[in-house]
Amino acid sequence: MDFTTPKPAESRSLIAGYLRVSWSLVGIDPAQIQLQSVLDFVGSEALDRIVAGILNKNYRRILIDLEKLDRMTTAGADGLLKAATEIRRRSGRVALVGPNPRVLSFIENLGLARQIEVYSTAEEAVRGIEAEL
């Protein structure tokens, strides 16, 4: 699969409950989703719709930026896992980027870090995703 094929650039954001979600499709993979504030059940449903839309535009590598995420609930973690499962089902790759220590600890305690790669920076995540191909 050619990840360098240009696609139309797009940038959007929305608010779902306590969560603010922004995403950028900059023309080539990877797509980037930024989560801010709190990822809970309502936010995870929004994330699910956003991931489906990105995959429908033929993006197959997705970085989910958690740097501005203050906390998440177990429903939010379940939403991340569901999104990652759908991305992989469609032959894609996903990585979580830059969680703060509180969110990282939560992710690790739930075992989510064993199922989704977690990176400190977007650059590390891109290299990690490319190494998986």
# chains A, B, ... in the order shown; residues from 1 in each chain; ligands from 1
call {"tool": "residues_around", "arguments": {"residues": "Trp23 in chain A", "least_positions_apart": "5", "cutoff": "7 Å", "atoms": "only C-alpha atoms", "output": "list in words"}}
result
Ser11, Arg12, Ser13, Gln32, Ile33 and Gln34 of chain A
call {"tool": "select_by_dssp", "arguments": {"residues": "range 52-114 of chain A", "states": "strand (DSSP E or B)", "output": "number ranges by chain"}}
result
A: 61-72, 93-97
call {"tool": "closest_residue", "arguments": {"among": "A:Val118, A:Ile54, A:Ile62, A:Met72", "to": "Gln36 in chain A", "atoms": "only C-alpha atoms"}}
result
A:Met72
call {"tool": "residues_around", "arguments": {"residues": "Glu130 in chain A", "least_positions_apart": "6", "cutoff": "10 Å", "atoms": "only C-alpha atoms", "output": "ChimeraX atom specification"}}
result
/A:3,30,61,93,124
call {"tool": "select_by_dssp", "arguments": {"residues": "range 12-109 of chain A", "states": "helix (DSSP H, G or I)", "output": "VMD selection string"}}
result
chain A and resid 41 to 56 74 to 89 101 to 109
call {"tool": "write_last_selection", "arguments": {"atoms": "N, CA and C atoms", "output": "compact mmCIF listing (two decimals), in the first residue's frame"}}
result
# COMPACT_ATOMS: atom_id res chain seq x y z
N PHE A 41 -17.53 8.03 27.81
CA PHE A 41 -18.41 7.29 26.92
C PHE A 41 -18.84 8.14 25.72
N VAL A 42 -19.30 9.36 25.97
CA VAL A 42 -19.76 10.23 24.89
C VAL A 42 -18.61 10.53 23.93
N GLY A 43 -17.44 10.83 24.48
CA GLY A 43 -16.28 11.10 23.64
C GLY A 43 -15.84 9.89 22.84
N SER A 44 -15.96 8.70 23.43
CA SER A 44 -15.54 7.50 22.70
C SER A 44 -16.45 7.23 21.52
N GLU A 45 -17.75 7.56 21.66
CA GLU A 45 -18.65 7.42 20.51
C GLU A 45 -18.26 8.37 19.39
N ALA A 46 -17.89 9.60 19.74
CA ALA A 46 -17.44 10.56 18.74
C ALA A 46 -16.15 10.09 18.09
N LEU A 47 -15.22 9.56 18.88
CA LEU A 47 -13.96 9.03 18.34
C LEU A 47 -14.24 7.92 17.34
N ASP A 48 -15.18 7.05 17.65
CA ASP A 48 -15.55 5.95 16.76
C ASP A 48 -16.02 6.48 15.40
N ARG A 49 -16.85 7.51 15.41
CA ARG A 49 -17.34 8.09 14.15
C ARG A 49 -16.21 8.76 13.37
N ILE A 50 -15.32 9.44 14.08
CA ILE A 50 -14.21 10.13 13.42
C ILE A 50 -13.26 9.12 12.77
N VAL A 51 -12.92 8.07 13.50
CA VAL A 51 -12.03 7.03 12.96
C VAL A 51 -12.66 6.39 11.73
N ALA A 52 -13.94 6.09 11.78
CA ALA A 52 -14.62 5.50 10.62
C ALA A 52 -14.54 6.43 9.41
N GLY A 53 -14.74 7.73 9.64
CA GLY A 53 -14.65 8.69 8.54
C GLY A 53 -13.26 8.78 7.95
N ILE A 54 -12.24 8.74 8.82
CA ILE A 54 -10.86 8.79 8.34
C ILE A 54 -10.53 7.53 7.53
N LEU A 55 -10.93 6.38 8.05
CA LEU A 55 -10.67 5.14 7.32
C LEU A 55 -11.40 5.12 5.98
N ASN A 56 -12.58 5.69 5.93
CA ASN A 56 -13.33 5.75 4.66
C ASN A 56 -12.66 6.66 3.64
N THR A 74 -12.97 4.41 32.04
CA THR A 74 -12.84 3.07 31.45
C THR A 74 -13.63 2.99 30.14
N ALA A 75 -14.74 3.71 30.06
CA ALA A 75 -15.50 3.74 28.80
C ALA A 75 -14.68 4.42 27.70
N GLY A 76 -13.91 5.44 28.07
CA GLY A 76 -13.04 6.09 27.10
C GLY A 76 -11.93 5.17 26.64
N ALA A 77 -11.35 4.41 27.58
CA ALA A 77 -10.31 3.44 27.22
C ALA A 77 -10.88 2.37 26.31
N ASP A 78 -12.10 1.93 26.60
CA ASP A 78 -12.77 0.96 25.74
C ASP A 78 -12.97 1.53 24.34
N GLY A 79 -13.29 2.82 24.27
CA GLY A 79 -13.44 3.48 22.97
C GLY A 79 -12.14 3.50 22.18
N LEU A 80 -11.02 3.74 22.87
CA LEU A 80 -9.71 3.70 22.20
C LEU A 80 -9.42 2.30 21.67
N LEU A 81 -9.70 1.29 22.48
CA LEU A 81 -9.47 -0.09 22.06
C LEU A 81 -10.36 -0.45 20.87
N LYS A 82 -11.61 -0.03 20.91
CA LYS A 82 -12.53 -0.29 19.79
C LYS A 82 -12.02 0.39 18.51
N ALA A 83 -11.56 1.63 18.63
CA ALA A 83 -11.03 2.35 17.47
C ALA A 83 -9.81 1.64 16.91
N ALA A 84 -8.90 1.22 17.79
CA ALA A 84 -7.69 0.52 17.35
C ALA A 84 -8.04 -0.80 16.67
N THR A 85 -9.02 -1.51 17.20
CA THR A 85 -9.44 -2.77 16.60
C THR A 85 -9.98 -2.55 15.20
N GLU A 86 -10.78 -1.51 15.03
CA GLU A 86 -11.35 -1.22 13.70
C GLU A 86 -10.26 -0.80 12.72
N ILE A 87 -9.31 -0.02 13.19
CA ILE A 87 -8.20 0.40 12.32
C ILE A 87 -7.43 -0.82 11.85
N ARG A 88 -7.12 -1.72 12.76
CA ARG A 88 -6.37 -2.94 12.39
C ARG A 88 -7.19 -3.86 11.49
N ARG A 89 -8.48 -3.94 11.76
CA ARG A 89 -9.36 -4.78 10.93
C ARG A 89 -9.32 -4.32 9.47
N PRO A 101 1.55 11.75 32.55
CA PRO A 101 1.81 10.62 33.45
C PRO A 101 0.54 9.97 34.03
N ARG A 102 -0.45 10.78 34.35
CA ARG A 102 -1.71 10.24 34.89
C ARG A 102 -2.42 9.36 33.88
N VAL A 103 -2.55 9.85 32.65
CA VAL A 103 -3.23 9.09 31.60
C VAL A 103 -2.41 7.86 31.24
N LEU A 104 -1.08 8.00 31.16
CA LEU A 104 -0.22 6.86 30.84
C LEU A 104 -0.37 5.77 31.90
N SER A 105 -0.38 6.14 33.15
CA SER A 105 -0.54 5.18 34.23
C SER A 105 -1.88 4.44 34.11
N PHE A 106 -2.94 5.17 33.79
CA PHE A 106 -4.26 4.58 33.60
C PHE A 106 -4.24 3.59 32.45
N ILE A 107 -3.63 3.99 31.33
CA ILE A 107 -3.52 3.13 30.15
C ILE A 107 -2.76 1.85 30.49
N GLU A 108 -1.66 2.00 31.20
CA GLU A 108 -0.84 0.84 31.57
C GLU A 108 -1.57 -0.07 32.56
N ASN A 109 -2.24 0.51 33.55
CA ASN A 109 -2.95 -0.29 34.54
C ASN A 109 -4.09 -1.10 33.92
call {"tool": "residues_around", "arguments": {"residues": "Leu96 in chain A", "least_positions_apart": "3", "cutoff": "9 Å", "atoms": "only C-alpha atoms", "output": "compact mmCIF listing (two decimals) with C-alpha atoms, in the first residue's frame"}}
result
# COMPACT_ATOMS: atom_id res chain seq x y z
CA ILE A 62 -3.62 7.08 12.55
CA LEU A 63 -1.87 8.86 15.41
CA ILE A 64 -4.06 9.62 18.42
CA ASP A 65 -2.48 12.52 20.32
CA LEU A 66 -3.23 12.36 24.06
CA PRO A 99 -0.03 10.91 27.26
CA ALA A 113 -0.49 -0.29 26.41
CA ILE A 116 -1.86 -0.23 21.37
CA GLU A 117 1.65 1.16 20.97
CA VAL A 118 2.29 4.27 23.08
CA TYR A 119 4.97 6.80 22.10
CA SER A 120 6.29 10.00 23.68
CA ALA A 122 4.67 11.99 17.06
CA ALA A 125 5.12 7.11 16.58
call {"tool": "decode", "arguments": {"residues": "range 20-63 of chain A", "atoms": "N, CA and C atoms", "output": "PDB file, in the first residue's frame"}}
result
ATOM      1  N   ARG A  20     -12.945  17.512  23.637  1.00  0.00           N
ATOM      2  CA  ARG A  20     -12.761  18.264  22.395  1.00  0.00           C
ATOM      3  C   ARG A  20     -11.858  17.408  21.523  1.00  0.00           C
ATOM      4  N   VAL A  21     -12.309  17.169  20.293  1.00  0.00           N
ATOM      5  CA  VAL A  21     -11.566  16.334  19.356  1.00  0.00           C
ATOM      6  C   VAL A  21     -11.221  17.168  18.132  1.00  0.00           C
ATOM      7  N   SER A  22      -9.954  17.152  17.746  1.00  0.00           N
ATOM      8  CA  SER A  22      -9.509  17.807  16.518  1.00  0.00           C
ATOM      9  C   SER A  22      -8.800  16.762  15.690  1.00  0.00           C
ATOM     10  N   TRP A  23      -8.958  16.842  14.378  1.00  0.00           N
ATOM     11  CA  TRP A  23      -8.226  15.914  13.534  1.00  0.00           C
ATOM     12  C   TRP A  23      -7.766  16.602  12.274  1.00  0.00           C
ATOM     13  N   SER A  24      -6.634  16.130  11.796  1.00  0.00           N
ATOM     14  CA  SER A  24      -6.009  16.696  10.608  1.00  0.00           C
ATOM     15  C   SER A  24      -5.690  15.596   9.625  1.00  0.00           C
ATOM     16  N   LEU A  25      -6.093  15.826   8.417  1.00  0.00           N
ATOM     17  CA  LEU A  25      -5.731  14.958   7.303  1.00  0.00           C
ATOM     18  C   LEU A  25      -4.929  15.864   6.384  1.00  0.00           C
ATOM     19  N   VAL A  26      -3.616  15.686   6.382  1.00  0.00           N
ATOM     20  CA  VAL A  26      -2.738  16.654   5.722  1.00  0.00           C
ATOM     21  C   VAL A  26      -2.330  16.253   4.317  1.00  0.00           C
ATOM     22  N   GLY A  27      -3.011  15.291   3.740  1.00  0.00           N
ATOM     23  CA  GLY A  27      -2.705  14.935   2.368  1.00  0.00           C
ATOM     24  C   GLY A  27      -2.047  13.581   2.224  1.00  0.00           C
ATOM     25  N   ILE A  28      -1.248  13.160   3.201  1.00  0.00           N
ATOM     26  CA  ILE A  28      -0.657  11.828   3.174  1.00  0.00           C
ATOM     27  C   ILE A  28      -0.781  11.225   4.566  1.00  0.00           C
ATOM     28  N   ASP A  29      -0.673   9.910   4.656  1.00  0.00           N
ATOM     29  CA  ASP A  29      -0.704   9.267   5.965  1.00  0.00           C
ATOM     30  C   ASP A  29       0.476   9.766   6.793  1.00  0.00           C
ATOM     31  N   PRO A  30       0.397   9.818   8.094  1.00  0.00           N
ATOM     32  CA  PRO A  30      -0.721   9.403   8.937  1.00  0.00           C
ATOM     33  C   PRO A  30      -1.698  10.535   9.210  1.00  0.00           C
ATOM     34  N   ALA A  31      -2.942  10.177   9.474  1.00  0.00           N
ATOM     35  CA  ALA A  31      -3.928  11.127   9.973  1.00  0.00           C
ATOM     36  C   ALA A  31      -3.623  11.341  11.456  1.00  0.00           C
ATOM     37  N   GLN A  32      -3.957  12.515  11.957  1.00  0.00           N
ATOM     38  CA  GLN A  32      -3.697  12.812  13.364  1.00  0.00           C
ATOM     39  C   GLN A  32      -4.982  13.250  14.040  1.00  0.00           C
ATOM     40  N   ILE A  33      -5.273  12.616  15.177  1.00  0.00           N
ATOM     41  CA  ILE A  33      -6.435  12.964  15.984  1.00  0.00           C
ATOM     42  C   ILE A  33      -5.907  13.464  17.318  1.00  0.00           C
ATOM     43  N   GLN A  34      -6.368  14.636  17.751  1.00  0.00           N
ATOM     44  CA  GLN A  34      -5.949  15.173  19.045  1.00  0.00           C
ATOM     45  C   GLN A  34      -7.149  15.174  19.988  1.00  0.00           C
ATOM     46  N   LEU A  35      -6.973  14.563  21.163  1.00  0.00           N
ATOM     47  CA  LEU A  35      -8.018  14.513  22.177  1.00  0.00           C
ATOM     48  C   LEU A  35      -7.657  15.477  23.303  1.00  0.00           C
ATOM     49  N   GLN A  36      -8.633  16.272  23.747  1.00  0.00           N
ATOM     50  CA  GLN A  36      -8.406  17.254  24.802  1.00  0.00           C
ATOM     51  C   GLN A  36      -9.467  17.114  25.886  1.00  0.00           C
ATOM     52  N   SER A  37      -9.070  17.277  27.120  1.00  0.00           N
ATOM     53  CA  SER A  37      -9.930  17.287  28.293  1.00  0.00           C
ATOM     54  C   SER A  37     -10.189  15.881  28.808  1.00  0.00           C
ATOM     55  N   VAL A  38     -11.409  15.338  28.642  1.00  0.00           N
ATOM     56  CA  VAL A  38     -11.777  14.049  29.232  1.00  0.00           C
ATOM     57  C   VAL A  38     -12.350  13.132  28.161  1.00  0.00           C
ATOM     58  N   LEU A  39     -11.791  11.918  28.059  1.00  0.00           N
ATOM     59  CA  LEU A  39     -12.335  10.917  27.148  1.00  0.00           C
ATOM     60  C   LEU A  39     -13.228   9.987  27.965  1.00  0.00           C
ATOM     61  N   ASP A  40     -14.535  10.089  27.718  1.00  0.00           N
ATOM     62  CA  ASP A  40     -15.507   9.260  28.416  1.00  0.00           C
ATOM     63  C   ASP A  40     -16.384   8.552  27.384  1.00  0.00           C
ATOM     64  N   PHE A  41     -17.531   8.033  27.815  1.00  0.00           N
ATOM     65  CA  PHE A  41     -18.408   7.294  26.915  1.00  0.00           C
ATOM     66  C   PHE A  41     -18.840   8.137  25.720  1.00  0.00           C
ATOM     67  N   VAL A  42     -19.295   9.358  25.972  1.00  0.00           N
ATOM     68  CA  VAL A  42     -19.761  10.234  24.886  1.00  0.00           C
ATOM     69  C   VAL A  42     -18.608  10.530  23.926  1.00  0.00           C
ATOM     70  N   GLY A  43     -17.441  10.827  24.483  1.00  0.00           N
ATOM     71  CA  GLY A  43     -16.278  11.096  23.643  1.00  0.00           C
ATOM     72  C   GLY A  43     -15.839   9.891  22.843  1.00  0.00           C
ATOM     73  N   SER A  44     -15.955   8.699  23.427  1.00  0.00           N
ATOM     74  CA  SER A  44     -15.539   7.497  22.703  1.00  0.00           C
ATOM     75  C   SER A  44     -16.450   7.227  21.516  1.00  0.00           C
ATOM     76  N   GLU A  45     -17.746   7.557  21.656  1.00  0.00           N
ATOM     77  CA  GLU A  45     -18.650   7.416  20.514  1.00  0.00           C
ATOM     78  C   GLU A  45     -18.265   8.373  19.386  1.00  0.00           C
ATOM     79  N   ALA A  46     -17.891   9.596  19.743  1.00  0.00           N
ATOM     80  CA  ALA A  46     -17.437  10.564  18.741  1.00  0.00           C
ATOM     81  C   ALA A  46     -16.148  10.088  18.087  1.00  0.00           C
ATOM     82  N   LEU A  47     -15.222   9.557  18.878  1.00  0.00           N
ATOM     83  CA  LEU A  47     -13.964   9.028  18.340  1.00  0.00           C
ATOM     84  C   LEU A  47     -14.238   7.917  17.342  1.00  0.00           C
ATOM     85  N   ASP A  48     -15.177   7.050  17.652  1.00  0.00           N
ATOM     86  CA  ASP A  48     -15.551   5.954  16.762  1.00  0.00           C
ATOM     87  C   ASP A  48     -16.015   6.485  15.401  1.00  0.00           C
ATOM     88  N   ARG A  49     -16.846   7.506  15.405  1.00  0.00           N
ATOM     89  CA  ARG A  49     -17.337   8.092  14.147  1.00  0.00           C
ATOM     90  C   ARG A  49     -16.206   8.764  13.368  1.00  0.00           C
ATOM     91  N   ILE A  50     -15.324   9.444  14.077  1.00  0.00           N
ATOM     92  CA  ILE A  50     -14.211  10.132  13.417  1.00  0.00           C
ATOM     93  C   ILE A  50     -13.265   9.122  12.774  1.00  0.00           C
ATOM     94  N   VAL A  51     -12.921   8.068  13.504  1.00  0.00           N
ATOM     95  CA  VAL A  51     -12.031   7.035  12.963  1.00  0.00           C
ATOM     96  C   VAL A  51     -12.660   6.394  11.727  1.00  0.00           C
ATOM     97  N   ALA A  52     -13.943   6.091  11.785  1.00  0.00           N
ATOM     98  CA  ALA A  52     -14.617   5.497  10.619  1.00  0.00           C
ATOM     99  C   ALA A  52     -14.536   6.428   9.414  1.00  0.00           C
ATOM    100  N   GLY A  53     -14.741   7.726   9.637  1.00  0.00           N
ATOM    101  CA  GLY A  53     -14.653   8.689   8.538  1.00  0.00           C
ATOM    102  C   GLY A  53     -13.259   8.777   7.950  1.00  0.00           C
ATOM    103  N   ILE A  54     -12.242   8.743   8.816  1.00  0.00           N
ATOM    104  CA  ILE A  54     -10.862   8.793   8.342  1.00  0.00           C
ATOM    105  C   ILE A  54     -10.533   7.531   7.534  1.00  0.00           C
ATOM    106  N   LEU A  55     -10.927   6.383   8.048  1.00  0.00           N
ATOM    107  CA  LEU A  55     -10.675   5.135   7.322  1.00  0.00           C
ATOM    108  C   LEU A  55     -11.403   5.118   5.977  1.00  0.00           C
ATOM    109  N   ASN A  56     -12.579   5.693   5.925  1.00  0.00           N
ATOM    110  CA  ASN A  56     -13.329   5.753   4.660  1.00  0.00           C
ATOM    111  C   ASN A  56     -12.658   6.659   3.637  1.00  0.00           C
ATOM    112  N   LYS A  57     -11.745   7.512   4.087  1.00  0.00           N
ATOM    113  CA  LYS A  57     -10.975   8.360   3.163  1.00  0.00           C
ATOM    114  C   LYS A  57      -9.642   7.706   2.801  1.00  0.00           C
ATOM    115  N   ASN A  58      -9.517   6.423   3.118  1.00  0.00           N
ATOM    116  CA  ASN A  58      -8.357   5.602   2.767  1.00  0.00           C
ATOM    117  C   ASN A  58      -7.076   5.936   3.523  1.00  0.00           C
ATOM    118  N   TYR A  59      -7.190   6.555   4.671  1.00  0.00           N
ATOM    119  CA  TYR A  59      -6.035   6.694   5.553  1.00  0.00           C
ATOM    120  C   TYR A  59      -5.911   5.388   6.313  1.00  0.00           C
ATOM    121  N   ARG A  60      -4.710   4.888   6.472  1.00  0.00           N
ATOM    122  CA  ARG A  60      -4.514   3.616   7.154  1.00  0.00           C
ATOM    123  C   ARG A  60      -3.575   3.715   8.350  1.00  0.00           C
ATOM    124  N   ARG A  61      -2.959   4.855   8.531  1.00  0.00           N
ATOM    125  CA  ARG A  61      -2.118   5.079   9.704  1.00  0.00           C
ATOM    126  C   ARG A  61      -2.707   6.264  10.469  1.00  0.00           C
ATOM    127  N   ILE A  62      -2.981   6.045  11.749  1.00  0.00           N
ATOM    128  CA  ILE A  62      -3.620   7.078  12.547  1.00  0.00           C
ATOM    129  C   ILE A  62      -2.862   7.256  13.861  1.00  0.00           C
ATOM    130  N   LEU A  63      -2.489   8.500  14.141  1.00  0.00           N
ATOM    131  CA  LEU A  63      -1.874   8.855  15.414  1.00  0.00           C
ATOM    132  C   LEU A  63      -2.945   9.511  16.272  1.00  0.00           C
TER     133      LEU A  63
END
